[in-house]
>>> print(open('my_file-v7.cif').read())   # mmCIF, C-alpha atoms
data_run
#
loop_
_atom_site.label_atom_id
_atom_site.label_comp_id
_atom_site.auth_asym_id
_atom_site.auth_seq_id
_atom_site.Cartn_x
_atom_site.Cartn_y
_atom_site.Cartn_z
CA MET A 377 23.66 24.05 7.43
CA LEU A 378 23.27 23.55 3.67
CA VAL A 379 19.52 24.08 3.95
CA GLY A 380 20.10 27.35 5.80
CA LEU A 381 22.48 28.54 3.12
CA LEU A 382 20.05 27.60 0.37
CA VAL A 383 17.22 29.42 2.12
CA VAL A 384 19.33 32.53 2.60
CA ALA A 385 20.48 32.39 -1.01
CA GLY A 386 16.90 32.01 -2.22
CA CYS A 387 15.70 34.93 -0.15
CA ALA A 388 18.38 37.28 -1.40
CA THR A 389 16.62 38.02 -4.67
CA SER A 390 13.35 39.35 -3.34
CA THR A 391 12.14 41.41 -0.41
CA GLU A 392 8.42 41.26 -0.98
CA ALA A 393 6.04 38.31 -0.71
CA PRO A 394 3.87 37.91 -3.82
CA ASP A 395 0.84 37.33 -1.60
CA PRO A 396 1.29 36.67 2.10
CA GLY A 397 -0.12 33.55 3.68
CA LEU A 398 -2.62 34.00 6.43
CA PRO A 399 -1.70 33.76 10.12
CA PRO A 400 -1.85 30.34 11.76
CA SER A 401 -5.29 29.04 12.69
CA THR A 402 -6.18 28.21 16.27
CA SER A 403 -4.99 24.63 15.61
CA GLY A 404 -1.51 26.01 14.87
CA ALA A 405 -1.58 25.00 11.21
CA PRO A 406 -0.97 27.94 8.91
CA GLU A 407 -3.86 28.96 6.71
CA ILE A 408 -2.58 29.31 3.18
CA SER A 409 -4.26 31.73 0.79
CA ASP A 410 -5.08 30.53 -2.73
CA ASP A 411 -2.48 32.90 -4.17
CA ALA A 412 0.20 31.65 -1.77
CA ALA A 413 -0.68 28.03 -2.57
CA GLY A 414 -0.49 28.77 -6.28
CA HIS A 415 2.91 30.38 -5.74
CA LEU A 416 4.18 27.20 -4.06
CA CYS A 417 3.09 25.17 -7.06
CA GLU A 418 4.69 27.69 -9.42
CA ILE A 419 8.07 27.46 -7.72
CA MET A 420 8.05 23.69 -7.30
CA ALA A 421 7.17 22.77 -10.89
CA PRO A 422 10.32 24.13 -12.58
CA ASP A 423 12.53 22.45 -9.96
CA LEU A 424 11.33 18.93 -10.76
CA ASP A 425 13.92 18.31 -13.49
CA SER A 426 16.82 19.49 -11.37
CA TRP A 427 15.55 17.44 -8.41
CA ARG A 428 15.49 14.35 -10.65
CA ALA A 429 19.08 15.01 -11.69
CA GLN A 430 20.22 15.57 -8.09
CA GLY A 431 19.10 12.20 -6.79
CA THR A 432 16.79 11.57 -3.87
CA ARG A 433 18.97 12.70 -0.97
CA LEU A 434 20.05 16.04 -2.42
CA ALA A 435 16.61 16.60 -3.96
CA ARG A 436 15.07 16.37 -0.47
CA VAL A 437 17.45 19.07 0.76
CA SER A 438 16.57 21.25 -2.22
CA PHE A 439 12.84 20.61 -1.71
CA ASN A 440 13.13 21.69 1.93
CA ALA A 441 14.93 24.86 0.86
CA THR A 442 12.20 25.60 -1.69
CA VAL A 443 9.42 25.17 0.87
CA GLN A 444 11.25 27.22 3.52
CA ASN A 445 11.93 29.99 1.01
CA TRP A 446 8.27 29.97 -0.03
CA ALA A 447 7.11 30.03 3.61
CA ALA A 448 9.42 32.95 4.41
CA ARG A 449 8.07 34.91 1.46
CA ASN A 450 4.46 34.17 2.38
CA GLY A 451 4.00 35.63 5.80
CA GLY A 452 7.05 34.11 7.49
CA ILE A 453 5.14 30.94 8.31
CA ASN A 454 8.25 28.72 8.39
CA VAL A 455 7.83 27.50 11.97
CA ALA A 456 4.10 26.89 11.53
CA VAL A 457 4.78 24.87 8.36
CA ALA A 458 7.59 22.93 10.05
CA ARG A 459 5.27 22.05 12.94
CA ASN A 460 2.35 21.26 10.61
CA ARG A 461 4.05 19.72 7.60
CA GLU A 462 0.80 18.19 6.35
CA VAL A 463 -0.33 21.64 5.20
CA ILE A 464 2.05 21.31 2.23
CA ASP A 465 0.27 18.13 1.13
CA THR A 466 -3.12 19.75 1.60
CA VAL A 467 -2.39 22.82 -0.50
CA THR A 468 -0.58 20.92 -3.25
CA GLN A 469 -3.37 18.33 -3.46
CA GLN A 470 -5.83 21.19 -3.98
CA HIS A 471 -3.78 23.40 -6.29
CA CYS A 472 -1.31 21.19 -8.21
CA PRO A 473 -1.89 17.47 -7.67
CA ASP A 474 0.29 16.61 -10.68
CA VAL A 475 3.27 18.56 -9.32
CA ARG A 476 2.71 16.99 -5.89
CA GLU A 477 2.65 13.48 -7.37
CA GLN A 478 5.81 14.05 -9.41
CA THR A 479 7.57 15.55 -6.39
CA MET A 480 6.68 12.55 -4.24
CA GLN A 481 8.08 10.25 -6.93
CA VAL A 482 11.31 12.22 -7.24
CA LEU A 483 11.76 12.38 -3.46
CA ASP A 484 10.65 8.75 -3.01
CA VAL A 485 8.21 9.57 -0.21
CA PRO A 486 4.55 8.64 0.41
CA ASP A 487 3.63 12.30 1.02
CA LEU A 488 5.41 15.66 0.98
CA ALA A 489 5.20 16.02 4.76
CA SER A 490 7.54 13.04 5.05
CA ALA A 491 10.23 14.88 3.09
CA LEU A 492 10.10 18.05 5.20
CA ALA A 493 12.38 18.64 8.15
CA GLY A 494 10.46 19.47 11.32
CA VAL A 495 11.13 21.70 14.28
#
>>> encode(input="my_file-v7.cif", output="structure tokens")
Amino acid sequence: MLVGLLVVAGCATSTEAPDPGLPPSTSGAPEISDDAAGHLCEIMAPDLDSWRAQGTRLARVSFNATVQNWAARNGGINVAVARNREVIDTVTQQHCPDVREQTMQVLDVPDLASALAGV
């Protein structure tokens, strides 16, 4: 429930996606545009300090809310991301490996997919 509230709260400030993601590929994994991937990195980076302060458990909830908010703003690809969590690792490895590495450390996970709630 908390994640849902955080997602709704995060969506309340904007009605337009900065650059929509692309529709899911035939494999079901969403195809993420370079601009959408960059946007994910841009919204994750400033959250790192607050995630550190929150502790692992709450930081994972906040991370999930951030990713779901980002997915909603980029083509509404929430379900595709939830079913293909590895796409978050792929795009962050390509666009912001340092932010990805720090996020994995804060969340105490081997990869970002492990921290995401699935469908």
>>> resolve_selection(input="my_file-v7.cif", expression="the PyMOL selection byres ((chain A and resi 417-423) around 9)", output="number ranges by chain")
A: 412-416, 424-428, 438-439, 442-443, 446, 467-468, 471-472, 475-476, 478-479
>>> atom_distance(input="my_file-v7.cif", atom1="CA of Gln481 in chain A", atom2="CA of Ala447 in chain A")
22.4 Å
>>> resolve_selection(input="my_file-v7.cif", expression="the PyMOL selection byres ((chain A and resi 461-463) around 10)", output="CSV table (one decimal) with C-alpha atoms, in the frame of the given file")
chain,number,residue,atom,x,y,z
A,405,ALA,CA,-1.6,25.0,11.2
A,406,PRO,CA,-1.0,27.9,8.9
A,407,GLU,CA,-3.9,29.0,6.7
A,408,ILE,CA,-2.6,29.3,3.2
A,454,ASN,CA,8.2,28.7,8.4
A,455,VAL,CA,7.8,27.5,12.0
A,456,ALA,CA,4.1,26.9,11.5
A,457,VAL,CA,4.8,24.9,8.4
A,458,ALA,CA,7.6,22.9,10.0
A,459,ARG,CA,5.3,22.0,12.9
A,460,ASN,CA,2.4,21.3,10.6
A,464,ILE,CA,2.0,21.3,2.2
A,465,ASP,CA,0.3,18.1,1.1
A,466,THR,CA,-3.1,19.8,1.6
A,467,VAL,CA,-2.4,22.8,-0.5
A,468,THR,CA,-0.6,20.9,-3.2
A,469,GLN,CA,-3.4,18.3,-3.5
A,487,ASP,CA,3.6,12.3,1.0
A,488,LEU,CA,5.4,15.7,1.0
A,489,ALA,CA,5.2,16.0,4.8
A,490,SER,CA,7.5,13.0,5.0
A,491,ALA,CA,10.2,14.9,3.1
A,492,LEU,CA,10.1,18.0,5.2
A,493,ALA,CA,12.4,18.6,8.2
A,494,GLY,CA,10.5,19.5,11.3
A,495,VAL,CA,11.1,21.7,14.3
>>> closest_residue(input="my_file-v7.cif", among="A:Ala435, A:Asn440, A:Gln470, A:Ala448", to="Leu483 in chain A", atoms="only C-alpha atoms")
A:Ala435
>>> closest_residue(input="my_file-v7.cif", among="A:Asn450, A:Arg436, A:Asp411, A:Asn445", to="Val482 in chain A", atoms="only C-alpha atoms")
A:Arg436
>>> atom_distance(input="my_file-v7.cif", atom1="CA of Ala441 in chain A", atom2="CA of Pro473 in chain A")
20.3 Å
>>> atom_distance(input="my_file-v7.cif", atom1="CA of Asp484 in chain A", atom2="CA of Thr432 in chain A")
6.8 Å
